[in-house]
Amino acid sequence: MAERVLDVSDLEPCEPMERSLAAVAELAPGDHLRILHRREPFPLYEILAERGFNHRTIPGRRTPFEILVWRIGDAAAEAAVDGA
Amino acid sequence: MIPGGGDLRFDRMPPRWVPLRAFLVAPVLGGLGGLMLGIVGDRAATSRYAGELIGALHLVTLGFLTLVMAGAVVQVLPVVTGVPVPGASWVGPASQLGVAVGSLAMALGLASRWGVVVGIGGVFVGAGLAVFAAAAMAAAWRARRNPTGRAMGLAVVSLVVVAGLGVTFLAGHAGWMTLRRDLTDVHLAWALIGWLGLLVMGVSFQVVPMFQVTPHYPRGIQRLLPGVGFLGLVGWTVGRLERWSAVAAVGAGLAIGAMAVHAATTLWLQAHRRRKLRDVTTDDWRSGMVSVLAATGVVGAGALGVVDLARTGPALTLGALSVFGFGVSVVEGMLYKIVPFLSWLHLQNLVSHADRPSAVRIRNMRQLLPGVGPRRQFAAHVVAVVALLVAAAAGGVWMRIAGAALAIDLWWLAWELAGVVRRSNQDRREVLRAG
């Protein structure tokens, strides 16, 4: 179980979404992704759901928003996110 | 989702073709304005009231700027504030048709002194803008707590003033009522500072930090500046109509000061971009903001008695800086982000519905709009603005040169935007074939 961190806060559209989608596609079982973002990526949420991922958005420490992403049905990753 | 984030809500976007159609047709119409200037040449510079000049100018201000700006309101207002423009799927096409057909008819009628055609143009433009303004104001009122929503609402109120005066002018040209030329400056001020200036302010609060990766505008600027600009316009108008010179001077100072503060703030934000990559939108906006500051200098010189703004040359210089240096630059820059972004987002949504999303390759925004063409088009735009400034001062053959340069500028833009749609349609076919 590992947390992958992706900082897209200095990128302009559409790079944050492209890099986020590429990163979630490579998540191994039990892994989750923490995306550091400077705004809420609403279009990403819809696309993540359609591609089989859950997400949770929380206030960030280094950037205004952090989005935690894991595969739907991956209980280990979800437990890691709950504890994050 | 974090409540109160105040961020973009893309799920509230209207169908992509509602604004996209306006964004593609607009530069074609604006280029016709340049062509018209190129054909009539110096006749357009004989007076600020020359029919050829007013016709060509309105192909740019209505056919290009207003068509895009109205499309942007329908697009941005729901996305930023979560409040959709009511009836967007028919309000958009109806208002676009009215403005496009109307601006063509009024340009043709004014240039040929054909009163009935001018009147028909006025009816189309008036009806199109009335439909748009009613729907946009209803949405902006509901979104008034959001700085962008509030600025857009004030801009649409300004548009109603501009359009109301404009329609009475057209009725005057058509011979249906007395032509009130004494109100021309009121029409111009509400068009350039109210409709154009306040709308750019409202949109900039969202799109400059988002697409140019700058820090956010200070909260005080977002909250106060559009209101100060609007109140300044009201004060200047009342002072001018009632001949209260002190009130008019304070109002003008507030309205123009708000524009200058916004321009200076935007330039400062651009200087603090997090990634200083070359970007044509940033260059377009920078040109626009420098033009605002230059226009402020011209108005200041007029107030100090250094130049006489009632003379045709200085009046045309101020118009060239405001309409082409500011308005056209900023709108071109905005189109270079919005059209690829809408196309790319549409493709992403399509890919998500494909059977194997990871197997489908689509172009990103930079690939949908390769950088070389837009950079060269921007150079053509700068040449057009400079030629227009020279034409305003020197007249003669320069008006033809400036008109031709403007036509090249805007039709080149149309070509680049059409390329984005063509490439995204190629990818769309690939996705549908794969999915």
# chains A, B, ... in the order shown; residues from 1 in each chain; ligands from 1
>>> residues_around(residues="Gln270 in chain B", least_positions_apart="6", cutoff="12 Å", atoms="only C-alpha atoms", output="PyMOL selection string")
chain B and resi 204+208-217+263-264+276-279+281-287+289
>>> residues_around(residues="range 47-59 of chain A", least_positions_apart="2", cutoff="10 Å", atoms="only C-alpha atoms", output="PyMOL selection string")
(chain A and resi 17+20-21+24-25+32-37+40-45+61-74+78+81-82) or (chain B and resi 1-2+5+348-358)
>>> write_last_selection(atoms="N, CA and C atoms", output="tab-separated table (two decimals), in the first residue's frame")
chain	number	residue	atom	x	y	z
A	17	MET	N	-5.21	17.64	-15.66
A	17	MET	CA	-6.10	16.49	-15.84
A	17	MET	C	-5.39	15.36	-16.58
A	20	SER	N	-3.06	13.66	-14.20
A	20	SER	CA	-3.82	12.94	-13.17
A	20	SER	C	-4.38	11.64	-13.72
A	21	LEU	N	-4.95	11.70	-14.94
A	21	LEU	CA	-5.53	10.49	-15.53
A	21	LEU	C	-4.44	9.45	-15.83
A	24	VAL	N	-3.45	7.88	-12.34
A	24	VAL	CA	-4.40	6.94	-11.73
A	24	VAL	C	-4.45	5.62	-12.51
A	25	ALA	N	-4.19	5.71	-13.82
A	25	ALA	CA	-4.22	4.48	-14.63
A	25	ALA	C	-3.11	3.52	-14.19
A	32	HIS	N	-3.05	4.55	-3.57
A	32	HIS	CA	-3.93	5.68	-3.91
A	32	HIS	C	-3.06	6.87	-4.33
A	33	LEU	N	-3.70	7.83	-4.97
A	33	LEU	CA	-2.99	9.00	-5.49
A	33	LEU	C	-3.44	10.25	-4.74
A	34	ARG	N	-2.47	11.06	-4.35
A	34	ARG	CA	-2.78	12.36	-3.74
A	34	ARG	C	-2.39	13.45	-4.76
A	35	ILE	N	-3.40	14.15	-5.28
A	35	ILE	CA	-3.14	15.21	-6.28
A	35	ILE	C	-3.13	16.55	-5.56
A	36	LEU	N	-2.05	17.31	-5.74
A	36	LEU	CA	-1.95	18.65	-5.15
A	36	LEU	C	-2.38	19.66	-6.22
A	37	HIS	N	-3.44	20.42	-5.92
A	37	HIS	CA	-4.06	21.26	-6.95
A	37	HIS	C	-4.33	22.65	-6.37
A	40	GLU	N	-10.32	23.45	-7.47
A	40	GLU	CA	-11.04	22.18	-7.49
A	40	GLU	C	-11.24	21.73	-8.93
A	41	PRO	N	-10.78	20.55	-9.29
A	41	PRO	CA	-10.86	20.11	-10.69
A	41	PRO	C	-12.18	19.41	-10.99
A	42	PHE	N	-13.26	20.18	-11.09
A	42	PHE	CA	-14.59	19.58	-11.27
A	42	PHE	C	-14.68	18.63	-12.48
A	43	PRO	N	-14.10	19.00	-13.63
A	43	PRO	CA	-14.25	18.08	-14.77
A	43	PRO	C	-13.56	16.75	-14.54
A	44	LEU	N	-12.51	16.75	-13.70
A	44	LEU	CA	-11.79	15.51	-13.42
A	44	LEU	C	-12.69	14.53	-12.68
A	45	TYR	N	-13.51	15.03	-11.75
A	45	TYR	CA	-14.32	14.15	-10.91
A	45	TYR	C	-15.23	13.24	-11.76
A	61	ARG	N	-2.37	21.34	2.53
A	61	ARG	CA	-1.41	22.07	3.35
A	61	ARG	C	-0.50	22.92	2.45
A	62	ARG	N	0.00	22.29	1.36
A	62	ARG	CA	0.92	23.02	0.48
A	62	ARG	C	0.17	23.73	-0.64
A	63	THR	N	-0.98	23.19	-1.05
A	63	THR	CA	-1.79	23.79	-2.11
A	63	THR	C	-3.22	23.89	-1.58
A	64	PRO	N	-4.05	24.74	-2.17
A	64	PRO	CA	-5.41	24.92	-1.62
A	64	PRO	C	-6.23	23.63	-1.57
A	65	PHE	N	-6.02	22.73	-2.53
A	65	PHE	CA	-6.83	21.50	-2.56
A	65	PHE	C	-5.93	20.27	-2.72
A	66	GLU	N	-6.34	19.19	-2.03
A	66	GLU	CA	-5.70	17.89	-2.27
A	66	GLU	C	-6.81	16.91	-2.60
A	67	ILE	N	-6.60	16.15	-3.67
A	67	ILE	CA	-7.62	15.19	-4.10
A	67	ILE	C	-7.03	13.79	-3.96
A	68	LEU	N	-7.70	12.96	-3.14
A	68	LEU	CA	-7.26	11.58	-2.94
A	68	LEU	C	-8.08	10.69	-3.87
A	69	VAL	N	-7.38	9.85	-4.65
A	69	VAL	CA	-8.06	9.04	-5.66
A	69	VAL	C	-7.67	7.58	-5.48
A	70	TRP	N	-8.66	6.68	-5.56
A	70	TRP	CA	-8.40	5.24	-5.49
A	70	TRP	C	-9.42	4.50	-6.34
A	71	ARG	N	-9.07	3.24	-6.69
A	71	ARG	CA	-9.98	2.45	-7.53
A	71	ARG	C	-11.22	2.05	-6.74
A	72	ILE	N	-12.37	2.12	-7.39
A	72	ILE	CA	-13.61	1.67	-6.76
A	72	ILE	C	-13.47	0.18	-6.45
A	73	GLY	N	-13.79	-0.21	-5.22
A	73	GLY	CA	-13.72	-1.62	-4.83
A	73	GLY	C	-12.38	-2.02	-4.23
A	74	ASP	N	-11.40	-1.11	-4.21
A	74	ASP	CA	-10.09	-1.41	-3.62
A	74	ASP	C	-10.16	-1.05	-2.12
A	78	GLU	N	-8.88	2.25	0.03
A	78	GLU	CA	-9.88	3.10	0.69
A	78	GLU	C	-9.57	3.25	2.17
A	81	VAL	N	-6.84	5.69	2.54
A	81	VAL	CA	-7.33	7.06	2.36
A	81	VAL	C	-8.06	7.52	3.62
A	82	ASP	N	-8.84	6.60	4.23
A	82	ASP	CA	-9.55	6.97	5.47
A	82	ASP	C	-8.57	7.36	6.56
B	1	MET	N	-16.08	17.37	-2.40
B	1	MET	CA	-16.04	18.78	-2.79
B	1	MET	C	-16.04	19.66	-1.55
B	2	ILE	N	-15.23	20.69	-1.58
B	2	ILE	CA	-15.18	21.61	-0.45
B	2	ILE	C	-16.19	22.72	-0.68
B	5	GLY	N	-15.89	26.74	-2.24
B	5	GLY	CA	-14.62	26.87	-2.94
B	5	GLY	C	-14.64	27.94	-4.01
B	348	GLN	N	-12.33	14.41	-24.00
B	348	GLN	CA	-12.09	13.63	-22.77
B	348	GLN	C	-13.35	12.92	-22.32
B	349	ASN	N	-14.48	13.64	-22.39
B	349	ASN	CA	-15.74	13.01	-21.98
B	349	ASN	C	-16.10	11.86	-22.90
B	350	LEU	N	-15.80	12.03	-24.20
B	350	LEU	CA	-16.07	10.94	-25.16
B	350	LEU	C	-15.21	9.73	-24.84
B	351	VAL	N	-13.92	9.97	-24.55
B	351	VAL	CA	-12.99	8.87	-24.26
B	351	VAL	C	-13.47	8.07	-23.05
B	352	SER	N	-14.00	8.77	-22.07
B	352	SER	CA	-14.44	8.08	-20.86
B	352	SER	C	-15.56	7.09	-21.14
B	353	HIS	N	-16.31	7.34	-22.21
B	353	HIS	CA	-17.40	6.44	-22.55
B	353	HIS	C	-16.96	5.33	-23.51
B	354	ALA	N	-15.67	5.37	-23.93
B	354	ALA	CA	-15.16	4.31	-24.81
B	354	ALA	C	-14.98	3.03	-23.99
B	355	ASP	N	-14.97	1.88	-24.68
B	355	ASP	CA	-14.85	0.60	-23.97
B	355	ASP	C	-13.51	0.49	-23.24
B	356	ARG	N	-12.41	0.91	-23.90
B	356	ARG	CA	-11.09	0.85	-23.28
B	356	ARG	C	-10.46	2.24	-23.36
B	357	PRO	N	-10.77	3.11	-22.37
B	357	PRO	CA	-10.30	4.50	-22.43
B	357	PRO	C	-8.79	4.63	-22.60
B	358	SER	N	-8.03	3.75	-21.92
B	358	SER	CA	-6.57	3.90	-21.95
B	358	SER	C	-6.00	3.59	-23.33
>>> closest_residue(among="B:Ala303, B:Ile362, B:Leu97, B:Leu77", to="chain A", atoms="only C-alpha atoms")
B:Ile362
>>> closest_residue(among="A:Ala75, A:Ala84, A:Leu11, A:Val5", to="chain B", atoms="only C-alpha atoms")
A:Leu11
>>> select_by_dssp(residues="chain A", states="strand (DSSP E)", output="JSON, numbers by chain")
{"A": [3, 4, 5, 6, 7, 32, 33, 34, 35, 36, 37, 53, 54, 55, 56, 57, 58, 59, 65, 66, 67, 68, 69, 70, 71]}
>>> select_by_dssp(residues="chain A", states="helix (DSSP H, G or I)", output="PyMOL selection string")
chain A and resi 15-25+42-50+75-82
>>> decode(residues="range 143-189 of chain B", atoms="N, CA and C atoms", output="CSV table (one decimal), in the first residue's frame")
chain,number,residue,atom,x,y,z
B,143,ALA,N,-26.6,35.3,-9.5
B,143,ALA,CA,-25.2,35.1,-9.2
B,143,ALA,C,-24.5,36.3,-8.7
B,144,ARG,N,-25.3,37.3,-8.1
B,144,ARG,CA,-24.7,38.6,-7.8
B,144,ARG,C,-23.7,38.5,-6.6
B,145,ARG,N,-23.7,37.4,-5.8
B,145,ARG,CA,-22.8,37.3,-4.7
B,145,ARG,C,-21.4,37.0,-5.2
B,146,ASN,N,-21.3,36.4,-6.4
B,146,ASN,CA,-20.0,36.1,-6.9
B,146,ASN,C,-19.4,37.3,-7.7
B,147,PRO,N,-18.1,37.6,-7.4
B,147,PRO,CA,-17.5,38.8,-8.1
B,147,PRO,C,-17.6,38.8,-9.6
B,148,THR,N,-17.3,37.6,-10.2
B,148,THR,CA,-17.4,37.5,-11.6
B,148,THR,C,-18.9,37.6,-12.1
B,149,GLY,N,-19.8,37.0,-11.3
B,149,GLY,CA,-21.3,37.2,-11.7
B,149,GLY,C,-21.7,38.6,-11.6
B,150,ARG,N,-21.2,39.3,-10.5
B,150,ARG,CA,-21.6,40.7,-10.3
B,150,ARG,C,-21.1,41.6,-11.4
B,151,ALA,N,-19.8,41.4,-11.8
B,151,ALA,CA,-19.2,42.2,-12.9
B,151,ALA,C,-19.9,41.9,-14.2
B,152,MET,N,-20.3,40.6,-14.4
B,152,MET,CA,-21.0,40.3,-15.7
B,152,MET,C,-22.3,41.0,-15.7
B,153,GLY,N,-23.0,41.0,-14.5
B,153,GLY,CA,-24.3,41.6,-14.4
B,153,GLY,C,-24.2,43.1,-14.8
B,154,LEU,N,-23.2,43.8,-14.2
B,154,LEU,CA,-23.1,45.2,-14.5
B,154,LEU,C,-22.7,45.4,-16.0
B,155,ALA,N,-21.9,44.5,-16.5
B,155,ALA,CA,-21.6,44.6,-18.0
B,155,ALA,C,-22.9,44.5,-18.8
B,156,VAL,N,-23.7,43.5,-18.4
B,156,VAL,CA,-25.0,43.3,-19.2
B,156,VAL,C,-25.9,44.6,-19.1
B,157,VAL,N,-26.0,45.1,-17.9
B,157,VAL,CA,-26.8,46.4,-17.7
B,157,VAL,C,-26.2,47.5,-18.7
B,158,SER,N,-24.8,47.5,-18.7
B,158,SER,CA,-24.2,48.5,-19.6
B,158,SER,C,-24.6,48.2,-21.1
B,159,LEU,N,-24.6,46.9,-21.4
B,159,LEU,CA,-25.0,46.6,-22.8
B,159,LEU,C,-26.4,47.1,-23.1
B,160,VAL,N,-27.3,47.0,-22.1
B,160,VAL,CA,-28.6,47.5,-22.4
B,160,VAL,C,-28.6,49.0,-22.7
B,161,VAL,N,-27.8,49.7,-22.0
B,161,VAL,CA,-27.7,51.2,-22.2
B,161,VAL,C,-27.1,51.4,-23.6
B,162,VAL,N,-26.0,50.7,-23.9
B,162,VAL,CA,-25.4,50.8,-25.3
B,162,VAL,C,-26.3,50.5,-26.4
B,163,ALA,N,-27.0,49.3,-26.2
B,163,ALA,CA,-27.9,48.8,-27.3
B,163,ALA,C,-29.1,49.8,-27.4
B,164,GLY,N,-29.6,50.3,-26.3
B,164,GLY,CA,-30.8,51.2,-26.4
B,164,GLY,C,-30.4,52.4,-27.2
B,165,LEU,N,-29.2,53.0,-26.8
B,165,LEU,CA,-28.8,54.2,-27.6
B,165,LEU,C,-28.5,53.9,-29.0
B,166,GLY,N,-27.9,52.7,-29.2
B,166,GLY,CA,-27.5,52.3,-30.6
B,166,GLY,C,-28.7,52.2,-31.5
B,167,VAL,N,-29.7,51.5,-30.9
B,167,VAL,CA,-30.9,51.3,-31.8
B,167,VAL,C,-31.6,52.7,-32.1
B,168,THR,N,-31.6,53.6,-31.2
B,168,THR,CA,-32.2,54.9,-31.5
B,168,THR,C,-31.3,55.6,-32.6
B,169,PHE,N,-30.0,55.4,-32.5
B,169,PHE,CA,-29.1,56.0,-33.6
B,169,PHE,C,-29.5,55.4,-34.9
B,170,LEU,N,-29.6,54.1,-34.9
B,170,LEU,CA,-29.9,53.4,-36.2
B,170,LEU,C,-31.3,53.9,-36.7
B,171,ALA,N,-32.2,54.1,-35.8
B,171,ALA,CA,-33.6,54.6,-36.3
B,171,ALA,C,-33.4,56.0,-36.8
B,172,GLY,N,-32.5,56.8,-36.3
B,172,GLY,CA,-32.2,58.1,-36.8
B,172,GLY,C,-31.6,58.0,-38.2
B,173,HIS,N,-30.6,57.1,-38.4
B,173,HIS,CA,-30.0,56.9,-39.7
B,173,HIS,C,-31.0,56.5,-40.7
B,174,ALA,N,-32.0,55.7,-40.2
B,174,ALA,CA,-33.0,55.1,-41.1
B,174,ALA,C,-34.1,56.2,-41.5
B,175,GLY,N,-34.0,57.3,-40.7
B,175,GLY,CA,-34.9,58.4,-41.0
B,175,GLY,C,-36.2,58.3,-40.2
B,176,TRP,N,-36.2,57.4,-39.2
B,176,TRP,CA,-37.5,57.1,-38.5
B,176,TRP,C,-37.6,58.0,-37.3
B,177,MET,N,-36.5,58.6,-36.9
B,177,MET,CA,-36.6,59.6,-35.8
B,177,MET,C,-35.4,60.5,-35.8
B,178,THR,N,-35.3,61.5,-34.9
B,178,THR,CA,-34.2,62.5,-35.0
B,178,THR,C,-32.9,61.8,-34.5
B,179,LEU,N,-31.8,62.0,-35.3
B,179,LEU,CA,-30.5,61.4,-34.9
B,179,LEU,C,-29.9,62.2,-33.8
B,180,ARG,N,-29.7,61.6,-32.6
B,180,ARG,CA,-29.1,62.4,-31.5
B,180,ARG,C,-27.6,62.1,-31.4
B,181,ARG,N,-26.8,62.8,-32.2
B,181,ARG,CA,-25.4,62.7,-32.2
B,181,ARG,C,-24.8,63.1,-30.9
B,182,ASP,N,-25.5,64.0,-30.2
B,182,ASP,CA,-24.9,64.5,-29.0
B,182,ASP,C,-24.7,63.4,-27.9
B,183,LEU,N,-25.4,62.3,-28.1
B,183,LEU,CA,-25.3,61.2,-27.2
B,183,LEU,C,-24.2,60.1,-27.6
B,184,THR,N,-23.5,60.4,-28.7
B,184,THR,CA,-22.5,59.4,-29.2
B,184,THR,C,-21.5,59.1,-28.1
B,185,ASP,N,-21.0,60.1,-27.4
B,185,ASP,CA,-19.9,59.8,-26.4
B,185,ASP,C,-20.5,58.9,-25.3
B,186,VAL,N,-21.8,59.1,-24.9
B,186,VAL,CA,-22.4,58.3,-23.9
B,186,VAL,C,-22.4,56.8,-24.3
B,187,HIS,N,-22.9,56.7,-25.6
B,187,HIS,CA,-22.9,55.3,-26.2
B,187,HIS,C,-21.5,54.7,-26.2
B,188,LEU,N,-20.5,55.5,-26.6
B,188,LEU,CA,-19.1,54.9,-26.6
B,188,LEU,C,-18.6,54.6,-25.3
B,189,ALA,N,-18.8,55.4,-24.3
B,189,ALA,CA,-18.3,55.2,-22.9
B,189,ALA,C,-18.9,53.9,-22.3
